[in-house]
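Undergrad: Attaching a single structure in structure tokens format; questions to follow.
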There are 2 protein chains.
Amino acid sequence: MAKKELFDKELQQLAALFKALGHPARLAVMNHLAETKVCITGDISDRLPLSRTTINQHLRELKDLNLIRGEIDGARVNYCLNTDVIQDMVEQLNKYFQEINCCGTNNKQC
Amino acid sequence: MAKKELFDKELQQLAALFKALGHPARLAVMNHLAETKVCITGDISDRLPLSRTTINQHLRELKDLNLIRGEIDGARVNYCLNTDVIQDMVEQLNKYFQEINCCGTNNKQC
DNA sequence: AAAATATAACGTATTTTTACGTCATGATTT
DNA sequence: AAATCATGACGTAAAAATACGTTATATTTT
């Protein structure tokens with residue numbers, strides 16, 4: 001298996017972004033970080049119906065794609081949205097949809 | 001497991017959309033359908049490095065979320081992008097990111 | 001210095017996704 | 001009508017994602 005590698009690097013990367021957002025827990029984390037504009041530590045888990053370890057796992061996934069950042073503050077870690085990267089991503093996503101949806105003068109359907 | 005249900009219905013739905021696009025094969029399918037504006041049948045599989053059955057599975061997933069449509073034409077099925085639904089999704093997506101990224105006058109970061 | 005906190009690291013069970021082959025069904029062609 | 005072709009349905013093996021408990025590590029607090 002693991003045939004993902006057979007596709008365009010670009011497609012893989014784009015798919016990875018979509019996938020990262022493809023779980024309600026991760027969207028909820030993003031939401032929470034957006035609400036508490038002042039970037040709050042991992043007590044995110046108190047707000048969500050998942051264990052601390054699971055949330056940590058989701059945080060790591062988001063961090064791997066640079067969608068959020070974690071800054072060490074003593075014993076704690078302050079997480080926050082990486083707004084620049086997110087904005088960049090939104091542009092990428094929109095560009096993609098423009099390409100697939102509007103290419104050609106007419107959107108023929110079956 | 002299966003704790004997804006514990007989250008907002010809206011979040012779940014949005015996450016489902018993202019997830020559907022979270023695999024390079026499905027993005028490749030979308031691309032192919034976009035290129036061949038005239039909606040072509042399942043010979044999509046000839047273009048991709050996956051078996052016919054696997055592609056069919058991916059097609060079904062996209063169809064389940066209404067991102068594509070399949071119209072029976074004799075022994076064949078003509079697939080095409082469901083541009084309305086896709087456009088709808090783009091709007092949802094942008095609304096979501098506006099909410100999380102720009103809420104509050106200042107985007108505080110850590 | 002010891003106790004208490006906060007987080008990451010590790011290991012692991014369960015579920016879901018991915019990938020495919022085979023068979024069944026219905027349409028076209030011969 | 002038989003052969004062929006296209007697709008969907010079903011079953012299944014392997015891989016990845018999800019969810020969590022326990023342990024390790026580092027930092028405050030006492």
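Identifiers in this document derive from the order of the structure tokens: chains are assigned A, B, ..., residues are numbered from 1 separately in each chain, and ligands are numbered from 1 in order of occurrence.
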I'd like the neighbourhood of DT7 of chain C as a list in words, where a residue qualifies if any of its atoms comes within 9 Å (using only C-alpha atoms (C1' of nucleotides)), though same-chain residues fewer than 3 positions away should be ignored.
TA: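 Contacts, in chain order: Gly42, Asn56, Ala75, Arg76 and Val77 of chain A; DT25 and DA26 of chain D.
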Undergrad: Restricting it to N, CA, C and O atoms (P, O5', C5', C4', C3', O3' and C1' of nucleotides), dump the selection as a PDB file, in the first residue's frame.
TA:
ATOM      1  N   GLY A  42      -2.427  23.958  26.868  1.00  0.00           N
ATOM      2  CA  GLY A  42      -3.096  22.705  26.582  1.00  0.00           C
ATOM      3  C   GLY A  42      -4.357  22.418  27.375  1.00  0.00           C
ATOM      4  O   GLY A  42      -4.890  21.314  27.290  1.00  0.00           O
ATOM      5  N   ASN A  56      -3.343  16.186  22.501  1.00  0.00           N
ATOM      6  CA  ASN A  56      -1.936  16.435  22.215  1.00  0.00           C
ATOM      7  C   ASN A  56      -1.539  15.877  20.863  1.00  0.00           C
ATOM      8  O   ASN A  56      -0.771  16.497  20.115  1.00  0.00           O
ATOM      9  N   ALA A  75       6.811  25.826  32.321  1.00  0.00           N
ATOM     10  CA  ALA A  75       6.340  24.448  32.310  1.00  0.00           C
ATOM     11  C   ALA A  75       5.222  24.255  31.303  1.00  0.00           C
ATOM     12  O   ALA A  75       4.847  23.139  30.995  1.00  0.00           O
ATOM     13  N   ARG A  76       4.702  25.343  30.793  1.00  0.00           N
ATOM     14  CA  ARG A  76       3.557  25.276  29.894  1.00  0.00           C
ATOM     15  C   ARG A  76       3.963  25.504  28.445  1.00  0.00           C
ATOM     16  O   ARG A  76       5.070  25.899  28.151  1.00  0.00           O
ATOM     17  N   VAL A  77       3.010  25.289  27.587  1.00  0.00           N
ATOM     18  CA  VAL A  77       3.216  25.598  26.176  1.00  0.00           C
ATOM     19  C   VAL A  77       2.035  26.426  25.692  1.00  0.00           C
ATOM     20  O   VAL A  77       0.880  26.042  25.884  1.00  0.00           O
TER      21      VAL A  77
ATOM     22  P    DT D  25      13.704  10.413  31.361  1.00  0.00           P
ATOM     23  O5'  DT D  25      13.253  11.939  31.268  1.00  0.00           O
ATOM     24  C5'  DT D  25      12.733  12.452  30.038  1.00  0.00           C
ATOM     25  C4'  DT D  25      12.372  13.915  30.214  1.00  0.00           C
ATOM     26  C3'  DT D  25      13.331  14.691  31.116  1.00  0.00           C
ATOM     27  O3'  DT D  25      13.608  15.963  30.541  1.00  0.00           O
ATOM     28  C1'  DT D  25      11.133  14.968  31.865  1.00  0.00           C
ATOM     29  P    DA D  26      14.887  16.837  31.009  1.00  0.00           P
ATOM     30  O5'  DA D  26      14.386  18.328  30.882  1.00  0.00           O
ATOM     31  C5'  DA D  26      13.208  18.637  30.127  1.00  0.00           C
ATOM     32  C4'  DA D  26      12.317  19.557  30.939  1.00  0.00           C
ATOM     33  C3'  DA D  26      13.097  20.480  31.888  1.00  0.00           C
ATOM     34  O3'  DA D  26      12.711  21.817  31.597  1.00  0.00           O
ATOM     35  C1'  DA D  26      11.281  19.475  32.991  1.00  0.00           C
TER      36       DA D  26
END
Undergrad: Please tabulate, as CSV, the residues of chain C that come within 9 Å of chain B, each with its closest pair of atoms and the distance in Å to one decimal, counting only C-alpha atoms (C1' of nucleotides) and ordering rows by chain, then residue number upward.
TA:
residue,atom,partner,partner_atom,distance
C:DT14,C1',B:Met1,CA,7.2
C:DT15,C1',B:Met1,CA,7.0
C:DT18,C1',B:Thr54,CA,8.0
C:DA19,C1',B:Thr54,CA,5.9
C:DC20,C1',B:Thr53,CA,6.9
C:DG21,C1',B:Thr53,CA,8.8
C:DG26,C1',B:Ala75,CA,7.1
C:DA27,C1',B:Ala75,CA,4.7
C:DT28,C1',B:Ala75,CA,7.7
Undergrad: In terms of the shortest atom-to-atom distance over only C-alpha atoms, which of B:Lys95, B:Lys9, B:Lys63, B:Lys4 is closest to Arg26 of chain B?
TA: B:Lys63
Undergrad: Check the smallest atom-to-atom distance from each of A:Asn31, A:Thr36, A:Ser45, A:Gln98 to chain B using only C-alpha atoms, then report the winner.
TA: A:Asn31
Undergrad: Could you pull the residues within 12 Å of His23 of chain B, counting only C-alpha atoms (C1' of nucleotides), minus those fewer than 4 positions along the same chain, as a PyMOL selection string?
TA: (chain A and resi 2-8+10-20+22) or (chain B and resi 17-19+27-30+55+58-59+61-62) or (chain C and resi 17-18)
Undergrad: Go ahead and compute the interatomic distance for atom CA of Glu71 of chain B and atom CA of Thr83 of chain B, in Å to one decimal.
TA: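 According to the coordinates, atom CA of Glu71 of chain B and atom CA of Thr83 of chain B are separated by 14.7 Å.
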Undergrad: Please identify every residue of chain D that has at least one atom no more than 12 Å from any atom of chain A, counting only C-alpha atoms (C1' of nucleotides), and report them as a VMD selection string.
TA: chain D and resid 13 to 22 25 to 29
Undergrad: Excluding Leu33 of chain A and any residue of its chain fewer than 6 positions from it, enumerate the residues within 7 Å of it, using only C-alpha atoms (C1' of nucleotides), and give them as a PDB file with C-alpha atoms, in the first residue's frame.
TA:
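Written output follows (selection_36.pdb):
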ATOM      1  CA  CYS A  39      -2.956  31.846  23.119  1.00  0.00           C
ATOM      2  CA  CYS A  80      -1.767  29.710  18.830  1.00  0.00           C
ATOM      3  CA  LEU A  81      -2.881  29.802  15.258  1.00  0.00           C
TER       4      LEU A  81
END
Undergrad: According to DSSP computed on the backbone, where in chain B is there strand (DSSP E or B)? Give the residues as number ranges by chain.
TA: B: 68-73, 76-81
Undergrad: Pull all heavy atoms from the residues just selected and write them as a short mmCIF file (atom, residue, chain, number, x, y, z; two decimals), in the first residue's frame.
TA:
data_model
loop_
_atom_site.label_atom_id
_atom_site.label_comp_id
_atom_site.auth_asym_id
_atom_site.auth_seq_id
_atom_site.Cartn_x
_atom_site.Cartn_y
_atom_site.Cartn_z
N ILE B 68 -19.18 15.05 -6.57
CA ILE B 68 -19.27 14.66 -7.97
C ILE B 68 -20.61 13.96 -8.19
O ILE B 68 -21.29 13.58 -7.23
CB ILE B 68 -18.13 13.70 -8.41
CG1 ILE B 68 -18.26 12.36 -7.69
CG2 ILE B 68 -16.78 14.32 -8.14
CD1 ILE B 68 -17.26 11.34 -8.15
N ARG B 69 -20.95 13.83 -9.46
CA ARG B 69 -22.19 13.14 -9.80
C ARG B 69 -21.89 12.05 -10.81
O ARG B 69 -20.95 12.17 -11.60
CB ARG B 69 -23.18 14.13 -10.41
CG ARG B 69 -23.89 14.95 -9.36
CD ARG B 69 -25.04 15.68 -9.96
NE ARG B 69 -24.57 16.63 -10.96
CZ ARG B 69 -25.37 17.27 -11.78
NH1 ARG B 69 -26.66 17.05 -11.73
NH2 ARG B 69 -24.88 18.13 -12.64
N GLY B 70 -22.67 11.01 -10.81
CA GLY B 70 -22.50 9.96 -11.80
C GLY B 70 -23.83 9.72 -12.49
O GLY B 70 -24.83 9.47 -11.82
N GLU B 71 -23.82 9.87 -13.80
CA GLU B 71 -25.06 9.65 -14.52
C GLU B 71 -24.93 8.43 -15.41
O GLU B 71 -23.99 8.30 -16.19
CB GLU B 71 -25.37 10.89 -15.38
CG GLU B 71 -26.81 10.91 -15.81
CD GLU B 71 -27.24 12.33 -16.13
OE1 GLU B 71 -27.03 12.73 -17.27
OE2 GLU B 71 -27.75 13.03 -15.22
N ILE B 72 -25.87 7.53 -15.27
CA ILE B 72 -25.82 6.28 -16.01
C ILE B 72 -26.12 6.54 -17.48
O ILE B 72 -27.09 7.23 -17.82
CB ILE B 72 -26.82 5.27 -15.43
CG1 ILE B 72 -26.39 4.89 -14.01
CG2 ILE B 72 -26.91 4.04 -16.31
CD1 ILE B 72 -27.46 4.16 -13.23
N ASP B 73 -25.25 6.01 -18.33
CA ASP B 73 -25.40 6.18 -19.78
C ASP B 73 -25.19 4.80 -20.40
O ASP B 73 -24.08 4.45 -20.80
CB ASP B 73 -24.37 7.18 -20.28
CG ASP B 73 -24.37 7.24 -21.80
OD1 ASP B 73 -25.39 6.89 -22.41
OD2 ASP B 73 -23.33 7.63 -22.36
N ARG B 76 -22.35 2.44 -19.24
CA ARG B 76 -21.31 3.27 -18.63
C ARG B 76 -21.90 4.26 -17.64
O ARG B 76 -23.11 4.43 -17.57
CB ARG B 76 -20.55 4.03 -19.71
CG ARG B 76 -20.02 3.11 -20.78
CD ARG B 76 -19.34 3.88 -21.88
NE ARG B 76 -18.65 2.94 -22.75
CZ ARG B 76 -17.45 3.15 -23.25
NH1 ARG B 76 -16.81 4.27 -22.98
NH2 ARG B 76 -16.88 2.24 -24.01
N VAL B 77 -21.01 4.91 -16.95
CA VAL B 77 -21.44 5.97 -16.04
C VAL B 77 -20.61 7.20 -16.32
O VAL B 77 -19.38 7.13 -16.35
CB VAL B 77 -21.28 5.55 -14.57
CG1 VAL B 77 -21.69 6.69 -13.66
CG2 VAL B 77 -22.10 4.32 -14.27
N ASN B 78 -21.26 8.28 -16.57
CA ASN B 78 -20.56 9.54 -16.79
C ASN B 78 -20.45 10.31 -15.49
O ASN B 78 -21.45 10.68 -14.90
CB ASN B 78 -21.32 10.39 -17.81
CG ASN B 78 -21.19 9.83 -19.20
OD1 ASN B 78 -20.21 9.16 -19.52
ND2 ASN B 78 -22.19 10.08 -20.02
N TYR B 79 -19.22 10.50 -15.10
CA TYR B 79 -18.99 11.26 -13.87
C TYR B 79 -18.65 12.70 -14.20
O TYR B 79 -18.07 12.99 -15.25
CB TYR B 79 -17.83 10.65 -13.08
CG TYR B 79 -18.22 9.39 -12.35
CD1 TYR B 79 -17.85 8.14 -12.82
CD2 TYR B 79 -18.97 9.46 -11.19
CE1 TYR B 79 -18.21 6.99 -12.15
CE2 TYR B 79 -19.34 8.32 -10.52
CZ TYR B 79 -18.96 7.09 -11.00
OH TYR B 79 -19.33 5.96 -10.34
N CYS B 80 -19.03 13.58 -13.30
CA CYS B 80 -18.62 14.97 -13.45
C CYS B 80 -18.64 15.69 -12.11
O CYS B 80 -19.25 15.22 -11.16
CB CYS B 80 -19.53 15.69 -14.44
SG CYS B 80 -21.18 15.93 -13.80
N LEU B 81 -17.94 16.80 -12.08
CA LEU B 81 -17.92 17.60 -10.86
C LEU B 81 -19.30 18.19 -10.64
O LEU B 81 -20.00 18.57 -11.58
CB LEU B 81 -16.91 18.75 -11.01
CG LEU B 81 -15.45 18.34 -11.19
CD1 LEU B 81 -14.59 19.59 -11.29
CD2 LEU B 81 -14.98 17.47 -10.05
#
Undergrad: Find the residue from A:Gln92, A:Asn66, A:Thr41, A:Asn82 that sits nearest to chain B; use only C-alpha atoms when measuring.
TA: A:Asn82
Undergrad: Could you state the separation of atom CA of Ala34 of chain A and atom CA of Leu93 of chain A in Å, given to one decimal place?
TA: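 If I compute the distance from atom CA of Ala34 of chain A to atom CA of Leu93 of chain A, I get 19.8 Å.
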Undergrad: Find the spatial neighbours of DT30 of chain C, counting only C-alpha atoms (C1' of nucleotides), within a cut-off of 10 Å - ignore same-chain residues fewer than 3 positions away - and output them as a list in words.
TA: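 Here the qualifying residues turn out to be DA2, DA3 and DT4 of chain D.
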Undergrad: Hey, can you spit out that residue selection with all heavy atoms as a PDB file, in the first residue's frame?
TA:
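Wrote it out as selection_39.pdb, contents follow:
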ATOM      1  P    DA D   2     -27.320 -18.808 -25.679  1.00  0.00           P
ATOM      2  OP1  DA D   2     -27.155 -20.272 -25.568  1.00  0.00           O
ATOM      3  OP2  DA D   2     -27.822 -18.047 -24.523  1.00  0.00           O
ATOM      4  O5'  DA D   2     -25.934 -18.199 -26.147  1.00  0.00           O
ATOM      5  C5'  DA D   2     -25.468 -18.400 -27.482  1.00  0.00           C
ATOM      6  C4'  DA D   2     -24.093 -17.760 -27.640  1.00  0.00           C
ATOM      7  O4'  DA D   2     -24.249 -16.345 -27.910  1.00  0.00           O
ATOM      8  C3'  DA D   2     -23.198 -17.865 -26.410  1.00  0.00           C
ATOM      9  O3'  DA D   2     -21.859 -18.096 -26.832  1.00  0.00           O
ATOM     10  C2'  DA D   2     -23.393 -16.516 -25.704  1.00  0.00           C
ATOM     11  C1'  DA D   2     -23.668 -15.566 -26.872  1.00  0.00           C
ATOM     12  N9   DA D   2     -24.612 -14.486 -26.573  1.00  0.00           N
ATOM     13  C8   DA D   2     -25.738 -14.540 -25.795  1.00  0.00           C
ATOM     14  N7   DA D   2     -26.403 -13.405 -25.733  1.00  0.00           N
ATOM     15  C5   DA D   2     -25.657 -12.549 -26.526  1.00  0.00           C
ATOM     16  C6   DA D   2     -25.827 -11.199 -26.883  1.00  0.00           C
ATOM     17  N6   DA D   2     -26.860 -10.441 -26.465  1.00  0.00           N
ATOM     18  N1   DA D   2     -24.911 -10.645 -27.698  1.00  0.00           N
ATOM     19  C2   DA D   2     -23.880 -11.400 -28.121  1.00  0.00           C
ATOM     20  N3   DA D   2     -23.610 -12.687 -27.871  1.00  0.00           N
ATOM     21  C4   DA D   2     -24.551 -13.208 -27.056  1.00  0.00           C
ATOM     22  P    DA D   3     -20.638 -18.091 -25.795  1.00  0.00           P
ATOM     23  OP1  DA D   3     -19.620 -19.085 -26.217  1.00  0.00           O
ATOM     24  OP2  DA D   3     -21.199 -18.139 -24.439  1.00  0.00           O
ATOM     25  O5'  DA D   3     -20.022 -16.648 -26.059  1.00  0.00           O
ATOM     26  C5'  DA D   3     -19.670 -16.258 -27.388  1.00  0.00           C
ATOM     27  C4'  DA D   3     -19.059 -14.862 -27.367  1.00  0.00           C
ATOM     28  O4'  DA D   3     -20.094 -13.878 -27.123  1.00  0.00           O
ATOM     29  C3'  DA D   3     -18.004 -14.657 -26.282  1.00  0.00           C
ATOM     30  O3'  DA D   3     -16.911 -13.940 -26.845  1.00  0.00           O
ATOM     31  C2'  DA D   3     -18.732 -13.876 -25.199  1.00  0.00           C
ATOM     32  C1'  DA D   3     -19.741 -13.065 -26.008  1.00  0.00           C
ATOM     33  N9   DA D   3     -20.980 -12.732 -25.303  1.00  0.00           N
ATOM     34  C8   DA D   3     -21.723 -13.540 -24.480  1.00  0.00           C
ATOM     35  N7   DA D   3     -22.809 -12.967 -24.005  1.00  0.00           N
ATOM     36  C5   DA D   3     -22.770 -11.700 -24.556  1.00  0.00           C
ATOM     37  C6   DA D   3     -23.647 -10.597 -24.432  1.00  0.00           C
ATOM     38  N6   DA D   3     -24.756 -10.598 -23.701  1.00  0.00           N
ATOM     39  N1   DA D   3     -23.313  -9.474 -25.117  1.00  0.00           N
ATOM     40  C2   DA D   3     -22.195  -9.465 -25.856  1.00  0.00           C
ATOM     41  N3   DA D   3     -21.298 -10.446 -26.047  1.00  0.00           N
ATOM     42  C4   DA D   3     -21.658 -11.535 -25.358  1.00  0.00           C
ATOM     43  P    DT D   4     -15.685 -13.464 -25.950  1.00  0.00           P
ATOM     44  OP1  DT D   4     -14.464 -13.496 -26.783  1.00  0.00           O
ATOM     45  OP2  DT D   4     -15.736 -14.206 -24.668  1.00  0.00           O
ATOM     46  O5'  DT D   4     -16.047 -11.944 -25.673  1.00  0.00           O
ATOM     47  C5'  DT D   4     -16.387 -11.078 -26.760  1.00  0.00           C
ATOM     48  C4'  DT D   4     -16.712  -9.692 -26.231  1.00  0.00           C
ATOM     49  O4'  DT D   4     -18.013  -9.695 -25.598  1.00  0.00           O
ATOM     50  C3'  DT D   4     -15.710  -9.182 -25.180  1.00  0.00           C
ATOM     51  O3'  DT D   4     -15.287  -7.883 -25.576  1.00  0.00           O
ATOM     52  C2'  DT D   4     -16.512  -9.170 -23.881  1.00  0.00           C
ATOM     53  C1'  DT D   4     -17.928  -8.941 -24.399  1.00  0.00           C
ATOM     54  N1   DT D   4     -19.046  -9.408 -23.524  1.00  0.00           N
ATOM     55  C2   DT D   4     -20.120  -8.571 -23.329  1.00  0.00           C
ATOM     56  O2   DT D   4     -20.199  -7.472 -23.828  1.00  0.00           O
ATOM     57  N3   DT D   4     -21.100  -9.089 -22.518  1.00  0.00           N
ATOM     58  C4   DT D   4     -21.115 -10.324 -21.898  1.00  0.00           C
ATOM     59  O4   DT D   4     -22.051 -10.667 -21.195  1.00  0.00           O
ATOM     60  C5   DT D   4     -19.957 -11.149 -22.152  1.00  0.00           C
ATOM     61  C7   DT D   4     -19.863 -12.502 -21.524  1.00  0.00           C
ATOM     62  C6   DT D   4     -18.978 -10.660 -22.945  1.00  0.00           C
TER      63       DT D   4
END
Undergrad: Kindly give the distance, in Å, that separates atom CA of Val85 of chain A and atom CA of Leu67 of chain A, rounded to a single decimal.
TA: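 Atom-to-atom, atom CA of Val85 of chain A to atom CA of Leu67 of chain A, that is 6.1 Å.
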Undergrad: Output as a ChimeraX atom specification all residues of chain A that backbone DSSP marks as helix (DSSP H, G or I).
TA: /A:3-6,9-20,24-35,44-47,52-64,83-102
Undergrad: Taking only C-alpha atoms into account, which of A:Leu65, A:Ile44, A:Met89, A:Leu21 comes nearest chain B?
TA: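 Answer, going by the shortest atom-to-atom distance: A:Leu21.
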